[in-house]
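Quick notes on the structure that follows.
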Amino acid sequence: MSIVTWNVNSLKVRFPHLETMIKDCSPDVICLQETKTEDANFPLADIENLDYFASYHGQKTYNGVAILSRERVHEVQFGIPNFEDNQARVVAATSSTGTRIINVYVPNGEAVDSEKYVYKLSWFRAFIEYVRSTAKTYSSIIILGDFNIAPRGEDVYDPEAFHEKLLCSDQERTLFEELLGLGFLDAFHERTESSERFTWWDYRMNAFRRKLGLRIDHILMTESEFNRCAEVKILKEFRKMERPSDHAPVMATFI
DNA sequence: ATGGCAGGCTATGCCTGA
């Protein structure tokens, strides 16, 4: 059993890459972010041809999330309940094995102290409360997606340059820790020995070739799931492809 | 070195991303 998270930066453009990833890895569940696709235009038939079910929540131009799954999921939920938001950033569903899967695309925040940063922090606080209430109902949970937070110094190519900058500020990192404190493990951080930890590289400045990246895509899981988790891998080869997403997929494999 | 690169839009430059 395996599960993937991938910010595809346009599902339309990246569809061939998705097909390759499915051919290579055949994950049981794929969580996509930044589909940038309205629900009416979601390529459902193409996804079904690849033998996946799809639960999707999108909008024009920006954001958009989807859960693709080999088995039918249930209790599908869009957005954060009771949190007013016109941006499509969350889809949650329960897998055939009873695990609650929460696919998230956290706001970027633009710059520390910008209006969007304030939105990011309030958004994340609402998300924490949502996860807190989810944890009362489900004992087995995986939260995965683009968190737009690099939790630790080692998750950034130049920690000093990024000190208190967007994605690395104390306020963002404290909220990330608060989320973990609800009973989640940062699976990549806990499971890997590799020093290659980045999941995102800027399109500009030859950042990928120069290994100038960040780790902002995460797979968090409750202890029950973590104990079954054998490996978490960053599929860097997809960042090397022609016309790549700026994010690499991250895959967790379970026993 | 605050630029650069990519995607979408009813576009032909501007917004957003991180």
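The way I read the labels, and the way they are meant: chains A, B, ... in the order of the structure tokens, residue 1 as the first residue of every chain, and ligand 1 as the first ligand shown, with later ones counted on from there.
Of the residues in region 5-104 of chain A, those given alpha helix (DSSP H) by DSSP on the backbone are Leu11, Lys12, Val13, Arg14, Phe15, Pro16, His17, Leu18, Glu19, Thr20, Met21, Ile22, Lys23, Asp24, Cys25, Leu44, Ala45, Asp46, Ile47, Glu48 and Asn49 of chain A.
Every protein or nucleic acid residue with an atom no more than 7 Å from Leu220 (chain A), counting only C-alpha atoms (C1' of nucleotides) and leaving out same-chain residues fewer than 4 positions away, appears here: Ile142, Ile143, Leu144, Phe184, Leu185, Asp186 and Ala187 of chain A.
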Can you write out as CSV which residues of chain A fall within 8 Å of chain B, alongside each residue's closest atom pair and its distance in Å to one decimal, counting only C-alpha atoms (C1' of nucleotides) and ordering rows by chain and ascending residue number?
residue,atom,partner,partner_atom,distance
A:Asn9,CA,B:DG7,C1',7.5
A:Ser10,CA,B:DG7,C1',7.0
A:Thr61,CA,B:DG8,C1',5.4
A:Asn108,CA,B:DA18,C1',6.7
A:Glu110,CA,B:DA18,C1',7.7
A:Asn148,CA,B:DA18,C1',7.4
A:Leu167,CA,B:DA18,C1',7.7
A:Asp202,CA,B:DA18,C1',7.5
A:Tyr203,CA,B:DC5,C1',4.9
A:Arg204,CA,B:DC5,C1',4.9
A:Met205,CA,B:DG4,C1',5.9
Include N, CA and C atoms and write out the residues we just selected as a tab-separated table (two decimals), in the first residue's frame.
chain	number	residue	atom	x	y	z
A	9	ASN	N	1.03	21.75	-10.10
A	9	ASN	CA	1.05	23.06	-10.77
A	9	ASN	C	0.41	22.98	-12.16
A	10	SER	N	-0.89	22.72	-12.17
A	10	SER	CA	-1.74	22.53	-13.34
A	10	SER	C	-1.84	21.05	-13.74
A	61	THR	N	-8.06	28.75	-12.50
A	61	THR	CA	-6.77	29.44	-12.38
A	61	THR	C	-5.93	29.07	-11.17
A	108	ASN	N	0.13	30.16	0.42
A	108	ASN	CA	1.55	30.51	0.33
A	108	ASN	C	1.92	31.62	1.32
A	110	GLU	N	2.67	34.88	0.53
A	110	GLU	CA	3.33	35.98	-0.20
A	110	GLU	C	4.59	36.52	0.47
A	148	ASN	N	3.48	24.55	2.48
A	148	ASN	CA	4.11	25.86	2.35
A	148	ASN	C	4.79	26.30	3.65
A	167	LEU	N	7.72	31.02	4.81
A	167	LEU	CA	7.85	29.56	4.83
A	167	LEU	C	8.71	29.07	6.00
A	202	ASP	N	12.84	26.30	-7.07
A	202	ASP	CA	12.40	27.42	-7.90
A	202	ASP	C	12.70	27.12	-9.37
A	203	TYR	N	11.77	27.52	-10.24
A	203	TYR	CA	12.01	27.36	-11.68
A	203	TYR	C	13.19	28.22	-12.14
A	204	ARG	N	13.46	29.28	-11.39
A	204	ARG	CA	14.46	30.26	-11.85
A	204	ARG	C	15.86	29.92	-11.33
A	205	MET	N	16.84	30.56	-11.91
A	205	MET	CA	18.22	30.51	-11.41
A	205	MET	C	18.83	29.10	-11.41
Tell me, which residues of region 16-63 of chain A carry DSSP strand (DSSP E), written as a PDB file with N, CA and C atoms, in the first residue's frame?
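Output file part-v9.pdb is given in full below:
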ATOM      1  N   VAL A  29      -3.209   5.569  -3.457  1.00  0.00           N
ATOM      2  CA  VAL A  29      -3.867   6.874  -3.306  1.00  0.00           C
ATOM      3  C   VAL A  29      -2.916   7.959  -3.794  1.00  0.00           C
ATOM      4  N   ILE A  30      -3.444   8.923  -4.543  1.00  0.00           N
ATOM      5  CA  ILE A  30      -2.648  10.063  -5.019  1.00  0.00           C
ATOM      6  C   ILE A  30      -3.377  11.343  -4.632  1.00  0.00           C
ATOM      7  N   CYS A  31      -2.698  12.197  -3.873  1.00  0.00           N
ATOM      8  CA  CYS A  31      -3.282  13.479  -3.489  1.00  0.00           C
ATOM      9  C   CYS A  31      -2.607  14.579  -4.294  1.00  0.00           C
ATOM     10  N   LEU A  32      -3.406  15.303  -5.059  1.00  0.00           N
ATOM     11  CA  LEU A  32      -2.889  16.353  -5.935  1.00  0.00           C
ATOM     12  C   LEU A  32      -3.250  17.723  -5.384  1.00  0.00           C
ATOM     13  N   GLN A  33      -2.335  18.674  -5.582  1.00  0.00           N
ATOM     14  CA  GLN A  33      -2.615  20.074  -5.253  1.00  0.00           C
ATOM     15  C   GLN A  33      -2.316  20.940  -6.474  1.00  0.00           C
ATOM     16  N   PHE A  53     -10.486   6.088  -9.005  1.00  0.00           N
ATOM     17  CA  PHE A  53     -11.623   6.938  -8.658  1.00  0.00           C
ATOM     18  C   PHE A  53     -11.078   8.320  -8.335  1.00  0.00           C
ATOM     19  N   ALA A  54     -11.916   9.336  -8.384  1.00  0.00           N
ATOM     20  CA  ALA A  54     -11.442  10.693  -8.099  1.00  0.00           C
ATOM     21  C   ALA A  54     -12.457  11.468  -7.268  1.00  0.00           C
ATOM     22  N   SER A  55     -11.950  12.152  -6.239  1.00  0.00           N
ATOM     23  CA  SER A  55     -12.738  13.122  -5.463  1.00  0.00           C
ATOM     24  C   SER A  55     -12.033  14.455  -5.624  1.00  0.00           C
ATOM     25  N   TYR A  56     -12.699  15.421  -6.246  1.00  0.00           N
ATOM     26  CA  TYR A  56     -11.977  16.645  -6.609  1.00  0.00           C
ATOM     27  C   TYR A  56     -12.744  17.882  -6.212  1.00  0.00           C
ATOM     28  N   HIS A  57     -11.961  18.912  -5.949  1.00  0.00           N
ATOM     29  CA  HIS A  57     -12.497  20.181  -5.448  1.00  0.00           C
ATOM     30  C   HIS A  57     -11.612  21.267  -6.037  1.00  0.00           C
TER      31      HIS A  57
END
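Among the candidates A:Ala135, A:Ala150, A:Ile219, A:Met241, the one nearest to Trp200 (chain A) when counting only C-alpha atoms is A:Ala150.
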Excluding same-chain residues fewer than 3 positions from Lys36 (chain A), what lies within 7 Å of it counting only C-alpha atoms (C1' of nucleotides), as a VMD selection string? chain A and resid 10 to 11 58 to 64
Find the residues near Lys136 (chain A): any atom within 12 Å, counting only C-alpha atoms (C1' of nucleotides), skip ones fewer than 6 places away on the same chain, and give them as an MDAnalysis selection string. chainID A and resid 100 129:130 182:183
Would you list the contacts of region 92-94 of chain A as a VMD selection string, taking every protein, DNA or RNA residue within 9 Å and counting only C-alpha atoms (C1' of nucleotides), but skipping same-chain residues closer than 6 positions in sequence? chain A and resid 55 67 73 to 79 100 to 104 141 143
Let me see the file: selected residues, C-alpha atoms, as a compact mmCIF listing (two decimals), in the first residue's frame.
# COMPACT_ATOMS: atom_id res chain seq x y z
CA SER A 55 -12.74 13.12 -5.46
CA ILE A 67 -7.76 12.54 -4.21
CA VAL A 73 -13.34 6.22 -0.79
CA HIS A 74 -16.21 7.49 1.35
CA GLU A 75 -17.19 10.40 3.64
CA VAL A 76 -15.71 12.89 1.16
CA GLN A 77 -15.48 16.40 2.57
CA PHE A 78 -14.42 19.62 0.79
CA GLY A 79 -12.86 22.60 2.52
CA ARG A 100 -8.92 9.30 7.17
CA ILE A 101 -6.95 11.05 4.41
CA ILE A 102 -6.70 14.84 4.46
CA ASN A 103 -5.23 16.40 1.32
CA VAL A 104 -4.19 20.00 1.91
CA ILE A 141 -5.21 9.71 9.93
CA ILE A 143 -2.47 14.50 6.42
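You will find CA of Ser114 (chain A) at 13.5 Å from CA of Gln171 (chain A).
What separates CA of His218 (chain A) from CA of Thr199 (chain A) is a distance of 8.8 Å.
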Who sits within 10 Å of Pro43 (chain A), only C-alpha atoms (C1' of nucleotides), same chain under 5 positions skipped, as a PyMOL selection string: chain A and resi 11-12+15+37-38+48+54
